[in-house]
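Shown below: coords.pdb, with PDB, C-alpha atoms.
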ATOM      1  CA  MET X  15      20.256 -32.962  -7.834
ATOM      2  CA  VAL X  16      23.199 -35.392  -7.869
ATOM      3  CA  LEU X  17      21.361 -38.062  -5.938
ATOM      4  CA  THR X  18      18.288 -37.869  -8.121
ATOM      5  CA  CYS X  19      20.289 -39.086 -11.119
ATOM      6  CA  PRO X  20      20.046 -42.859 -11.320
ATOM      7  CA  VAL X  21      21.612 -42.778 -14.813
ATOM      8  CA  ALA X  22      25.099 -41.984 -13.535
ATOM      9  CA  THR X  23      25.208 -44.162 -10.401
ATOM     10  CA  GLY X  24      23.435 -47.060 -12.069
ATOM     11  CA  ARG X  25      26.179 -47.354 -14.675
ATOM     12  CA  TRP X  26      28.889 -47.512 -12.041
ATOM     13  CA  THR X  27      27.258 -50.206  -9.946
ATOM     14  CA  ALA X  28      26.687 -52.304 -13.040
ATOM     15  CA  ASN X  29      30.369 -52.139 -14.064
ATOM     16  CA  ASP X  30      31.663 -52.720 -10.580
ATOM     17  CA  GLY X  31      31.534 -56.448  -9.958
ATOM     18  CA  GLY X  32      33.770 -56.997  -6.887
ATOM     19  CA  PRO X  33      31.950 -57.453  -3.580
ATOM     20  CA  GLY X  34      33.157 -55.171  -0.768
ATOM     21  CA  ARG X  35      34.275 -52.476  -3.152
ATOM     22  CA  THR X  36      30.872 -51.432  -4.271
ATOM     23  CA  ARG X  37      29.926 -49.289  -1.326
ATOM     24  CA  ARG X  38      33.205 -47.378  -1.110
ATOM     25  CA  ALA X  39      33.353 -46.925  -4.854
ATOM     26  CA  LEU X  40      29.859 -45.578  -4.861
ATOM     27  CA  LEU X  41      30.663 -43.111  -2.113
ATOM     28  CA  ARG X  42      33.737 -41.939  -4.036
ATOM     29  CA  THR X  43      31.677 -41.593  -7.157
ATOM     30  CA  GLY X  44      29.094 -39.591  -5.319
ATOM     31  CA  ALA X  45      31.775 -37.274  -4.003
ATOM     32  CA  LEU X  46      33.240 -36.813  -7.456
ATOM     33  CA  LEU X  47      29.871 -36.120  -8.946
ATOM     34  CA  ALA X  48      29.146 -33.626  -6.217
ATOM     35  CA  VAL X  49      32.416 -31.811  -6.908
ATOM     36  CA  GLY X  50      31.835 -31.986 -10.631
ATOM     37  CA  GLY X  51      28.479 -30.319 -10.234
ATOM     38  CA  THR X  52      26.436 -30.267 -13.416
ATOM     39  CA  ALA X  53      28.888 -32.378 -15.447
ATOM     40  CA  ALA X  54      27.847 -34.153 -18.607
ATOM     41  CA  PRO X  55      26.349 -37.315 -17.033
ATOM     42  CA  LEU X  56      23.789 -35.183 -15.204
ATOM     43  CA  THR X  57      22.014 -33.844 -18.256
ATOM     44  CA  GLY X  58      19.205 -36.274 -17.504
ATOM     45  CA  CYS X  59      18.278 -34.034 -14.562
ATOM     46  CA  ASP X  60      16.989 -31.355 -16.932
ATOM     47  CA  LEU X  61      13.776 -33.280 -16.622
ATOM     48  CA  PHE X  62      13.349 -31.879 -13.106
ATOM     49  CA  ASP X  63      14.211 -28.252 -13.827
ATOM     50  CA  GLY X  64      10.565 -27.372 -14.347
ATOM     51  CA  ASP X  65       9.995 -28.027 -10.647
ATOM     52  CA  GLU X  66      12.275 -25.193  -9.579
ATOM     53  CA  PRO X  67      10.179 -22.542  -7.783
ATOM     54  CA  PRO X  68      10.072 -19.168  -9.562
ATOM     55  CA  PRO X  69      12.184 -16.453  -7.944
ATOM     56  CA  PRO X  70      10.384 -14.677  -5.084
ATOM     57  CA  ASP X  71       8.505 -11.515  -6.038
ATOM     58  CA  PRO X  72       9.773  -8.335  -4.304
ATOM     59  CA  LEU X  73       6.229  -7.761  -3.022
ATOM     60  CA  GLU X  74       6.034 -11.092  -1.160
ATOM     61  CA  PRO X  75       7.266  -9.551   2.129
ATOM     62  CA  LEU X  76       4.665  -6.778   1.890
ATOM     63  CA  ALA X  77       1.880  -9.297   1.309
ATOM     64  CA  ALA X  78       3.130 -11.357   4.249
ATOM     65  CA  GLU X  79       3.186  -8.231   6.394
ATOM     66  CA  ALA X  80      -0.421  -7.452   5.408
ATOM     67  CA  ARG X  81      -1.508 -10.955   6.459
ATOM     68  CA  GLU X  82       0.428 -10.576   9.693
ATOM     69  CA  LEU X  83      -1.154  -7.189  10.444
ATOM     70  CA  ALA X  84      -4.617  -8.670   9.822
ATOM     71  CA  ALA X  85      -3.811 -11.525  12.225
ATOM     72  CA  ARG X  86      -2.488  -9.073  14.774
ATOM     73  CA  HIS X  87      -5.698  -7.054  14.793
ATOM     74  CA  ARG X  88      -7.763 -10.234  15.053
ATOM     75  CA  ALA X  89      -5.645 -11.401  17.967
ATOM     76  CA  ALA X  90      -6.233  -8.056  19.692
ATOM     77  CA  ILE X  91      -9.984  -8.460  19.178
ATOM     78  CA  ALA X  92      -9.799 -11.939  20.691
ATOM     79  CA  ALA X  93      -7.947 -10.520  23.701
ATOM     80  CA  ASP X  94     -10.337  -7.574  24.092
ATOM     81  CA  PRO X  95     -13.674  -8.127  22.295
ATOM     82  CA  GLY X  96     -14.685  -4.542  23.102
ATOM     83  CA  LEU X  97     -12.277  -3.466  20.342
ATOM     84  CA  ALA X  98     -14.069  -5.478  17.644
ATOM     85  CA  ASP X  99     -16.034  -2.592  16.117
ATOM     86  CA  ARG X 100     -12.927  -0.507  15.826
ATOM     87  CA  LEU X 101     -10.428  -3.121  14.669
ATOM     88  CA  THR X 102     -12.468  -5.394  12.406
ATOM     89  CA  PRO X 103     -12.561  -2.940   9.460
ATOM     90  CA  ILE X 104      -8.792  -2.507   9.799
ATOM     91  CA  ALA X 105      -8.166  -6.257   9.887
ATOM     92  CA  ASP X 106     -10.415  -6.639   6.818
ATOM     93  CA  ALA X 107      -8.491  -3.896   5.008
ATOM     94  CA  HIS X 108      -5.178  -5.691   5.602
ATOM     95  CA  ALA X 109      -6.652  -8.961   4.329
ATOM     96  CA  ALA X 110      -7.938  -7.136   1.226
ATOM     97  CA  HIS X 111      -4.469  -5.619   0.717
ATOM     98  CA  ALA X 112      -2.869  -9.059   0.882
ATOM     99  CA  ASP X 113      -5.332 -10.380  -1.717
ATOM    100  CA  GLU X 114      -4.707  -7.467  -4.074
ATOM    101  CA  ILE X 115      -0.929  -7.688  -3.727
ATOM    102  CA  HIS X 116      -1.091 -11.397  -4.529
ATOM    103  CA  ARG X 117      -3.191 -10.561  -7.569
ATOM    104  CA  LEU X 118      -0.392  -8.242  -8.725
ATOM    105  CA  ILE X 119       2.219 -10.908  -8.057
ATOM    106  CA  GLY X 120       0.118 -13.410  -9.955
ATOM    107  CA  ARG X 121       0.371 -16.111  -7.316
ATOM    108  CA  PRO X 122      -2.019 -16.990  -4.486
ATOM    109  CA  ALA X 123      -1.056 -16.436  -0.881
ATOM    110  CA  PRO X 124       0.774 -19.379   0.712
ATOM    111  CA  SER X 125      -1.514 -21.542   2.794
ATOM    112  CA  GLY X 126      -1.266 -21.421   6.562
ATOM    113  CA  SER X 127      -1.809 -18.469   8.823
ATOM    114  CA  PRO X 128       0.826 -16.244  10.390
ATOM    115  CA  GLY X 129       1.870 -17.488  13.823
ATOM    116  CA  PRO X 130       0.501 -16.249  17.137
ATOM    117  CA  GLN X 131       0.525 -12.486  17.499
ATOM    118  CA  PRO X 132       1.539 -10.456  20.559
ATOM    119  CA  THR X 133      -1.452  -9.397  22.644
ATOM    120  CA  ALA X 134       0.120  -8.549  25.974
ATOM    121  CA  GLY X 135      -1.151  -5.738  28.130
ATOM    122  CA  ASP X 136      -4.357  -3.797  28.642
ATOM    123  CA  ARG X 137      -6.369  -1.993  25.969
ATOM    124  CA  ALA X 138      -4.042   1.011  25.853
ATOM    125  CA  GLY X 139      -1.086  -1.328  25.483
ATOM    126  CA  LEU X 140      -2.808  -3.283  22.708
ATOM    127  CA  LEU X 141      -3.596  -0.124  20.775
ATOM    128  CA  ALA X 142      -0.084   1.250  21.245
ATOM    129  CA  GLY X 143       1.379  -1.988  19.896
ATOM    130  CA  LEU X 144      -0.932  -1.895  16.890
ATOM    131  CA  ARG X 145      -0.087   1.735  16.184
ATOM    132  CA  GLU X 146       3.609   0.895  16.180
ATOM    133  CA  ALA X 147       3.050  -2.052  13.851
ATOM    134  CA  GLU X 148       0.992   0.116  11.486
ATOM    135  CA  GLN X 149       3.658   2.803  11.524
ATOM    136  CA  ARG X 150       6.340   0.278  10.582
ATOM    137  CA  GLY X 151       4.005  -1.136   7.958
ATOM    138  CA  ARG X 152       3.429   2.291   6.498
ATOM    139  CA  GLN X 153       7.159   2.825   6.093
ATOM    140  CA  ALA X 154       7.614  -0.565   4.458
ATOM    141  CA  ALA X 155       4.739   0.096   2.039
ATOM    142  CA  ALA X 156       6.070   3.566   1.169
ATOM    143  CA  LYS X 157       9.463   2.045   0.364
ATOM    144  CA  ALA X 158       7.836  -0.640  -1.785
ATOM    145  CA  CYS X 159       5.777   2.020  -3.584
ATOM    146  CA  ALA X 160       8.870   4.127  -4.293
ATOM    147  CA  GLU X 161      10.745   1.149  -5.738
ATOM    148  CA  ALA X 162       7.895  -0.442  -7.699
ATOM    149  CA  PRO X 163       7.334  -0.274 -11.445
ATOM    150  CA  GLY X 164       4.570   2.122 -12.489
ATOM    151  CA  GLU X 165       1.856  -0.476 -12.901
ATOM    152  CA  ARG X 166       2.192  -1.476  -9.238
ATOM    153  CA  ALA X 167       2.581   1.996  -7.736
ATOM    154  CA  ALA X 168      -1.094   2.946  -7.399
ATOM    155  CA  LEU X 169      -2.065  -0.075  -5.316
ATOM    156  CA  LEU X 170       1.018   0.290  -3.129
ATOM    157  CA  GLY X 171       0.166   3.970  -2.679
ATOM    158  CA  SER X 172      -3.283   3.034  -1.425
ATOM    159  CA  VAL X 173      -1.786   0.449   0.941
ATOM    160  CA  THR X 174       0.630   3.063   2.304
ATOM    161  CA  ALA X 175      -2.127   5.640   2.773
ATOM    162  CA  ALA X 176      -4.442   3.071   4.378
ATOM    163  CA  ARG X 177      -1.806   2.099   6.940
ATOM    164  CA  ALA X 178      -1.314   5.797   7.741
ATOM    165  CA  THR X 179      -5.056   6.158   8.342
ATOM    166  CA  HIS X 180      -4.940   3.100  10.618
ATOM    167  CA  VAL X 181      -2.403   4.865  12.824
ATOM    168  CA  GLU X 182      -4.883   7.746  12.999
ATOM    169  CA  ALA X 183      -7.865   5.474  13.725
ATOM    170  CA  LEU X 184      -5.964   3.758  16.559
ATOM    171  CA  LYS X 185      -5.314   7.022  18.409
TER     172      LYS X 185
ATOM    173  CA  MET A  12     -13.631  18.018 -10.066
ATOM    174  CA  THR A  13     -15.049  15.456 -12.449
ATOM    175  CA  ARG A  14     -12.786  12.492 -13.121
ATOM    176  CA  ARG A  15     -10.878  12.697 -16.326
ATOM    177  CA  GLN A  16      -8.877  10.069 -18.107
ATOM    178  CA  ALA A  17      -5.877   8.684 -16.285
ATOM    179  CA  PRO A  18      -2.833  10.888 -16.930
ATOM    180  CA  THR A  19      -0.196   9.466 -19.257
ATOM    181  CA  ASP A  20       2.773  11.458 -17.983
ATOM    182  CA  ALA A  21       3.945  13.276 -14.881
ATOM    183  CA  GLY A  22       3.216  16.739 -16.316
ATOM    184  CA  GLN A  23      -0.412  15.869 -16.984
ATOM    185  CA  ALA A  24      -0.762  14.125 -13.611
ATOM    186  CA  PHE A  25       0.541  17.167 -11.732
ATOM    187  CA  ALA A  26      -1.592  19.558 -13.796
ATOM    188  CA  ASP A  27      -4.637  17.445 -12.850
ATOM    189  CA  ALA A  28      -3.557  17.426  -9.204
ATOM    190  CA  LEU A  29      -3.168  21.196  -9.277
ATOM    191  CA  ALA A  30      -6.712  21.634 -10.627
ATOM    192  CA  ALA A  31      -7.941  19.405  -7.788
ATOM    193  CA  GLU A  32      -5.996  21.429  -5.198
ATOM    194  CA  TYR A  33      -7.529  24.686  -6.497
ATOM    195  CA  ALA A  34     -11.007  23.219  -6.074
ATOM    196  CA  ALA A  35     -10.169  21.855  -2.603
ATOM    197  CA  ILE A  36      -8.945  25.269  -1.436
ATOM    198  CA  PHE A  37     -12.125  26.852  -2.782
ATOM    199  CA  ALA A  38     -14.343  24.279  -1.047
ATOM    200  CA  TYR A  39     -12.740  24.810   2.357
ATOM    201  CA  GLY A  40     -14.054  28.403   2.305
ATOM    202  CA  PRO A  41     -17.753  27.480   2.677
ATOM    203  CA  ILE A  42     -16.785  24.437   4.776
ATOM    204  CA  GLY A  43     -14.973  26.535   7.383
ATOM    205  CA  VAL A  44     -17.871  28.958   7.665
ATOM    206  CA  ARG A  45     -20.178  26.156   8.889
ATOM    207  CA  LEU A  46     -17.768  24.741  11.465
ATOM    208  CA  THR A  47     -16.815  25.867  14.943
ATOM    209  CA  GLY A  48     -14.129  25.157  17.499
ATOM    210  CA  ALA A  49     -11.680  22.357  16.798
ATOM    211  CA  ALA A  50     -13.371  21.437  13.509
ATOM    212  CA  ARG A  51     -12.963  24.957  12.208
ATOM    213  CA  ARG A  52      -9.301  24.932  13.188
ATOM    214  CA  ASP A  53      -8.897  21.602  11.390
ATOM    215  CA  ALA A  54     -10.530  23.088   8.298
ATOM    216  CA  ARG A  55      -8.106  26.001   8.390
ATOM    217  CA  SER A  56      -5.090  23.774   8.689
ATOM    218  CA  ALA A  57      -6.401  21.485   5.933
ATOM    219  CA  GLU A  58      -6.869  24.491   3.684
ATOM    220  CA  ALA A  59      -3.340  25.649   4.471
ATOM    221  CA  ALA A  60      -2.013  22.195   3.580
ATOM    222  CA  HIS A  61      -3.787  22.307   0.215
ATOM    223  CA  ARG A  62      -2.417  25.806  -0.418
ATOM    224  CA  ALA A  63       1.093  24.527   0.263
ATOM    225  CA  ARG A  64       0.596  21.685  -2.245
ATOM    226  CA  ARG A  65      -0.780  24.154  -4.762
ATOM    227  CA  ASP A  66       2.204  26.459  -4.405
ATOM    228  CA  ALA A  67       4.647  23.583  -4.746
ATOM    229  CA  LEU A  68       2.839  22.326  -7.863
ATOM    230  CA  VAL A  69       2.749  25.757  -9.512
ATOM    231  CA  LEU A  70       6.473  26.145  -8.880
ATOM    232  CA  GLN A  71       7.245  22.665 -10.126
ATOM    233  CA  LEU A  72       5.144  22.928 -13.281
ATOM    234  CA  THR A  73       6.482  26.402 -14.045
ATOM    235  CA  THR A  74      10.139  25.442 -13.683
ATOM    236  CA  GLY A  75       9.514  22.211 -15.564
ATOM    237  CA  GLY A  76       8.152  24.197 -18.519
ATOM    238  CA  GLY A  77       4.866  22.312 -18.348
ATOM    239  CA  GLN A  78       1.351  23.644 -18.745
ATOM    240  CA  VAL A  79       0.115  25.341 -15.573
ATOM    241  CA  PRO A  80      -3.673  25.273 -15.379
ATOM    242  CA  ALA A  81      -5.205  28.525 -14.141
ATOM    243  CA  ASP A  82      -7.321  28.796 -11.022
ATOM    244  CA  LYS A  83     -10.980  29.609 -11.573
ATOM    245  CA  ALA A  84     -13.017  32.279  -9.841
ATOM    246  CA  GLY A  85     -15.375  29.640  -8.474
ATOM    247  CA  TYR A  86     -16.077  25.922  -8.453
ATOM    248  CA  ALA A  87     -19.453  24.223  -8.483
ATOM    249  CA  LEU A  88     -19.979  22.434  -5.177
ATOM    250  CA  PRO A  89     -21.885  19.156  -5.340
ATOM    251  CA  TYR A  90     -24.503  20.480  -2.899
ATOM    252  CA  PRO A  91     -25.089  23.632  -0.855
ATOM    253  CA  VAL A  92     -23.119  23.781   2.391
ATOM    254  CA  THR A  93     -25.854  24.983   4.687
ATOM    255  CA  ASP A  94     -24.896  23.370   8.014
ATOM    256  CA  ARG A  95     -22.214  21.506   9.947
ATOM    257  CA  ALA A  96     -23.251  18.091   8.621
ATOM    258  CA  ALA A  97     -23.021  19.229   4.997
ATOM    259  CA  ALA A  98     -19.671  20.892   5.716
ATOM    260  CA  LEU A  99     -18.217  17.699   7.174
ATOM    261  CA  ARG A 100     -19.629  15.619   4.344
ATOM    262  CA  LEU A 101     -18.071  17.922   1.770
ATOM    263  CA  ALA A 102     -14.739  17.957   3.619
ATOM    264  CA  ILE A 103     -14.639  14.148   3.457
ATOM    265  CA  GLU A 104     -15.461  14.252  -0.248
ATOM    266  CA  VAL A 105     -12.884  16.928  -1.024
ATOM    267  CA  GLU A 106     -10.135  14.860   0.579
ATOM    268  CA  GLU A 107     -11.256  11.616  -1.073
ATOM    269  CA  ARG A 108     -11.388  13.190  -4.512
ATOM    270  CA  THR A 109      -8.080  14.994  -4.157
ATOM    271  CA  ALA A 110      -6.522  11.747  -2.966
ATOM    272  CA  ALA A 111      -7.673  10.114  -6.215
ATOM    273  CA  TYR A 112      -5.791  12.670  -8.317
ATOM    274  CA  TRP A 113      -2.590  12.159  -6.381
ATOM    275  CA  ARG A 114      -2.955   8.407  -6.596
ATOM    276  CA  ALA A 115      -3.338   8.702 -10.372
ATOM    277  CA  ALA A 116       0.068  10.415 -10.448
ATOM    278  CA  LEU A 117       1.874   7.398  -8.917
ATOM    279  CA  PRO A 118       2.064   5.129 -12.003
ATOM    280  CA  VAL A 119       3.463   7.915 -14.221
ATOM    281  CA  THR A 120       6.087   9.271 -11.821
ATOM    282  CA  THR A 121       9.357   7.998 -10.363
ATOM    283  CA  GLY A 122      11.800   9.004  -7.639
ATOM    284  CA  ALA A 123      11.154  12.272  -5.790
ATOM    285  CA  ASP A 124       8.057  13.025  -7.895
ATOM    286  CA  ARG A 125       6.434   9.763  -6.869
ATOM    287  CA  THR A 126       7.349  10.315  -3.228
ATOM    288  CA  ARG A 127       5.727  13.746  -3.406
ATOM    289  CA  ALA A 128       2.548  12.261  -4.870
ATOM    290  CA  LEU A 129       2.530   9.483  -2.273
ATOM    291  CA  ASN A 130       2.908  11.962   0.592
ATOM    292  CA  ALA A 131       0.056  14.059  -0.794
ATOM    293  CA  LEU A 132      -2.164  10.977  -1.218
ATOM    294  CA  THR A 133      -1.383   9.895   2.347
ATOM    295  CA  ASP A 134      -2.098  13.341   3.804
ATOM    296  CA  CYS A 135      -5.468  13.522   2.007
ATOM    297  CA  ALA A 136      -6.376  10.027   3.234
ATOM    298  CA  VAL A 137      -5.494  10.869   6.837
ATOM    299  CA  ARG A 138      -7.518  14.091   6.706
ATOM    300  CA  ALA A 139     -10.463  12.200   5.207
ATOM    301  CA  ALA A 140     -10.272   9.757   8.135
ATOM    302  CA  ARG A 141     -10.253  12.644  10.638
ATOM    303  CA  TRP A 142     -13.272  14.239   8.956
ATOM    304  CA  ARG A 143     -15.119  10.923   9.003
ATOM    305  CA  ARG A 144     -14.469  10.673  12.719
ATOM    306  CA  ALA A 145     -15.672  14.269  13.258
ATOM    307  CA  ALA A 146     -18.810  13.466  11.248
ATOM    308  CA  GLY A 147     -19.445  10.254  13.167
ATOM    309  CA  VAL A 148     -18.959   8.135  10.038
ATOM    310  CA  ASP A 149     -18.113   4.537  10.867
ATOM    311  CA  PRO A 150     -15.671   3.084   9.966
ATOM    312  CA  VAL A 151     -13.349   6.066   9.775
ATOM    313  CA  THR A 152     -11.029   4.316   7.317
ATOM    314  CA  VAL A 153     -11.424   2.886   3.828
ATOM    315  CA  ALA A 154      -9.416  -0.064   2.525
ATOM    316  CA  PHE A 155      -7.998   1.607  -0.601
ATOM    317  CA  PRO A 156      -7.707   5.396  -0.230
ATOM    318  CA  GLY A 157      -7.807   7.219  -3.563
ATOM    319  CA  ARG A 158      -8.942   4.220  -5.575
ATOM    320  CA  PRO A 159     -11.808   5.061  -7.904
ATOM    321  CA  ASP A 160     -15.010   3.223  -7.010
TER     322      ASP A 160
END

Mind turning this structure into structure tokens?
Amino acid sequence: MVLTCPVATGRWTANDGGPGRTRRALLRTGALLAVGGTAAPLTGCDLFDGDEPPPPDPLEPLAAEARELAARHRAAIAADPGLADRLTPIADAHAAHADEIHRLIGRPAPSGSPGPQPTAGDRAGLLAGLREAEQRGRQAAAKACAEAPGERAALLGSVTAARATHVEALK
Amino acid sequence: MTRRQAPTDAGQAFADALAAEYAAIFAYGPIGVRLTGAARRDARSAEAAHRARRDALVLQLTTGGGQVPADKAGYALPYPVTDRAAALRLAIEVEERTAAYWRAALPVTTGADRTRALNALTDCAVRAARWRRAAGVDPVTVAFPGRPD
């Protein structure tokens, strides 16, 4: 914020005529301004306050987890295409959960996909890894459901129950 | 088990859930008759789970001083359960519908009551998935268990 305020620094350079002093004086001024924080000369920066991002929604991590779970299932399908019939509906469900959670939050999902997902091992290993991830996801969703305001609880309940059924479907 | 209006408080939500549990317990009678082996055992354990929920709800509503709906002598089934396929289809439906009542309790409950409703919703959804698998329904899962269509 301090450095985006030409009002304050501009005044100092204009008043400071002596060559050789300018740079040091400016540095000192910068340091003082930094210490002073939002002192009076900085009021011009209010102009930029609208750019501050809104505080993160408590459901952001759950939405991110849903996108990650979808990516994880798709990565497993890529590693073992024979699992496609079984895993595609689950991947789609996670993507639908992410969309619905973002609708609740009132903001679209951030662009970009979750990073590469673990796909090591044979089919049994893949399924075991997915079951574990779903189990963790179920616990996270149940916690979010318990802590959510009423108007969010029904969707989070469905997400929790869906993840529990995924564990079952992966057995 | 026709859908009624969304409950506005926990007492109403649990009374609705209790009515759904009564109907589920009733339905598992004719369902079990048409099943054999592992499926019949699953029907028995599902029925026992619904009885446990019923008992807990009756106790909770009674001690809470709320209205406790009475069980009926019989419930109209959506179709006759004449064979295994119909039994499995009805079992799926019973779990899906009961799940919807428990889900409806989530917005109007907090704390331990909400956790109870969430556990019941989850159990119904998992049983529905197992019945779908037994019936050969694909996929065995739905994206939003308990959500009205």

Can you work out the spacing between CA of Ala183 in chain X and CA of Val151 in chain A in Å, to one decimal?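 So the answer is 6.8 Å.
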
Could you list, as a PyMOL selection string, every residue within 9 Å of range 128-145 of chain X, counting all atoms listed in the file and ignoring same-chain residues fewer than 2 positions away? chain X and resi 78+81-83+85-90+92-94+97+126+147-150+180-185

Compile the contact shell of range 109-120 of chain A as a PyMOL selection string: residues with an atom at most 6 Å away, counting only C-alpha atoms, same-chain residues fewer than 3 positions apart removed. (chain X and resi 164-165+167-168) or (chain A and resi 20-21+24+28+31+106+124-125+128+132+135+157)

Keeping C-alpha atoms for every residue in the selection just given, could you write it to a file as a compact mmCIF listing (two decimals), in the coordinates of the input?
# COMPACT_ATOMS: atom_id res chain seq x y z
CA GLY X 164 4.57 2.12 -12.49
CA GLU X 165 1.86 -0.48 -12.90
CA ALA X 167 2.58 2.00 -7.74
CA ALA X 168 -1.09 2.95 -7.40
CA ASP A 20 2.77 11.46 -17.98
CA ALA A 21 3.94 13.28 -14.88
CA ALA A 24 -0.76 14.12 -13.61
CA ALA A 28 -3.56 17.43 -9.20
CA ALA A 31 -7.94 19.40 -7.79
CA GLU A 106 -10.14 14.86 0.58
CA ASP A 124 8.06 13.02 -7.90
CA ARG A 125 6.43 9.76 -6.87
CA ALA A 128 2.55 12.26 -4.87
CA LEU A 132 -2.16 10.98 -1.22
CA CYS A 135 -5.47 13.52 2.01
CA GLY A 157 -7.81 7.22 -3.56

Kindly give the distance, in Å, that separates CA of Gly85 in chain A and CA of Ile36 in chain A, rounded to a single decimal.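 Result for CA of Gly85 in chain A versus CA of Ile36 in chain A: 10.5 Å, one decimal.
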
Six-sided padding of 8 Å per side, axis-aligned box over range 32-39 of chain A, centre and edges in Å, one decimal, as AutoDock Vina command-line options:
--center_x -10.2 --center_y 24.1 --center_z -2.1 --size_x 24.3 --size_y 21.4 --size_z 24.9

Return as a tab-separated table the residues of chain X lying at most 10 Å from chain A, together with the closest atom-to-atom pair for each and the distance in Å to one decimal, counting all atoms listed in the file, with rows in chain order and ascending residue number.
residue	atom	partner	partner_atom	distance
X:Asp99	CA	A:Pro150	CA	8.4
X:Arg100	CA	A:Pro150	CA	7.4
X:Leu101	CA	A:Pro150	CA	9.4
X:Thr102	CA	A:Pro150	CA	9.4
X:Pro103	CA	A:Pro150	CA	6.8
X:Ile104	CA	A:Thr152	CA	7.6
X:Ala105	CA	A:Ala154	CA	9.7
X:Asp106	CA	A:Ala154	CA	7.9
X:Ala107	CA	A:Ala154	CA	4.7
X:His108	CA	A:Ala154	CA	7.7
X:Ala109	CA	A:Ala154	CA	9.5
X:Ala110	CA	A:Ala154	CA	7.3
X:His111	CA	A:Ala154	CA	7.7
X:Arg152	CA	A:Thr133	CA	9.9
X:Ala156	CA	A:Leu129	CA	7.7
X:Lys157	CA	A:Thr126	CA	9.3
X:Cys159	CA	A:Leu129	CA	8.2
X:Ala160	CA	A:Thr126	CA	6.5
X:Glu161	CA	A:Gly122	CA	8.2
X:Ala162	CA	A:Thr121	CA	9.0
X:Pro163	CA	A:Pro118	CA	7.6
X:Gly164	CA	A:Pro118	CA	3.9
X:Glu165	CA	A:Pro118	CA	5.7
X:Arg166	CA	A:Pro118	CA	7.2
X:Ala167	CA	A:Pro118	CA	5.3
X:Ala168	CA	A:Leu117	CA	5.6
X:Leu169	CA	A:Phe155	CA	7.8
X:Leu170	CA	A:Leu117	CA	9.2
X:Gly171	CA	A:Leu129	CA	6.0
X:Ser172	CA	A:Phe155	CA	5.0
X:Val173	CA	A:Phe155	CA	6.5
X:Thr174	CA	A:Thr133	CA	7.1
X:Ala175	CA	A:Thr133	CA	4.3
X:Ala176	CA	A:Pro156	CA	6.1
X:Arg177	CA	A:Thr133	CA	9.1
X:Ala178	CA	A:Val137	CA	6.6
X:Thr179	CA	A:Val137	CA	5.0
X:His180	CA	A:Thr152	CA	7.0
X:Val181	CA	A:Val137	CA	9.0
X:Glu182	CA	A:Val137	CA	6.9
X:Ala183	CA	A:Val151	CA	6.8

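CA of Tyr33 in chain A to CA of Val148 in chain A spans 26.0 Å [interatomic distance, one decimal].
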
Return as a ChimeraX atom specification the set of residues that the PyMOL selection byres ((chain A and resi 99) around 12) yields on the displayed structure. /A:38-39,41-47,50-51,53-54,92-98,100-106,138-148

Write out the residues from the selection above, keeping C-alpha atoms, as a CSV table (one decimal), in the coordinates of the input.
chain,number,residue,atom,x,y,z
A,38,ALA,CA,-14.3,24.3,-1.0
A,39,TYR,CA,-12.7,24.8,2.4
A,41,PRO,CA,-17.8,27.5,2.7
A,42,ILE,CA,-16.8,24.4,4.8
A,43,GLY,CA,-15.0,26.5,7.4
A,44,VAL,CA,-17.9,29.0,7.7
A,45,ARG,CA,-20.2,26.2,8.9
A,46,LEU,CA,-17.8,24.7,11.5
A,47,THR,CA,-16.8,25.9,14.9
A,50,ALA,CA,-13.4,21.4,13.5
A,51,ARG,CA,-13.0,25.0,12.2
A,53,ASP,CA,-8.9,21.6,11.4
A,54,ALA,CA,-10.5,23.1,8.3
A,92,VAL,CA,-23.1,23.8,2.4
A,93,THR,CA,-25.9,25.0,4.7
A,94,ASP,CA,-24.9,23.4,8.0
A,95,ARG,CA,-22.2,21.5,9.9
A,96,ALA,CA,-23.3,18.1,8.6
A,97,ALA,CA,-23.0,19.2,5.0
A,98,ALA,CA,-19.7,20.9,5.7
A,100,ARG,CA,-19.6,15.6,4.3
A,101,LEU,CA,-18.1,17.9,1.8
A,102,ALA,CA,-14.7,18.0,3.6
A,103,ILE,CA,-14.6,14.1,3.5
A,104,GLU,CA,-15.5,14.3,-0.2
A,105,VAL,CA,-12.9,16.9,-1.0
A,106,GLU,CA,-10.1,14.9,0.6
A,138,ARG,CA,-7.5,14.1,6.7
A,139,ALA,CA,-10.5,12.2,5.2
A,140,ALA,CA,-10.3,9.8,8.1
A,141,ARG,CA,-10.3,12.6,10.6
A,142,TRP,CA,-13.3,14.2,9.0
A,143,ARG,CA,-15.1,10.9,9.0
A,144,ARG,CA,-14.5,10.7,12.7
A,145,ALA,CA,-15.7,14.3,13.3
A,146,ALA,CA,-18.8,13.5,11.2
A,147,GLY,CA,-19.4,10.3,13.2
A,148,VAL,CA,-19.0,8.1,10.0

If the PyMOL selection byres ((chain X and resi 71) around 12) were run on this exact file, what residues would it hold? Put them as a PyMOL selection string. chain X and resi 67-70+72-78+115-123+158+162

Using only C-alpha atoms, the shortest atom-to-atom distance to Ala112 in chain X among X:Ala98, X:Ala154, X:Ile91, X:Ala80 belongs to X:Ala80
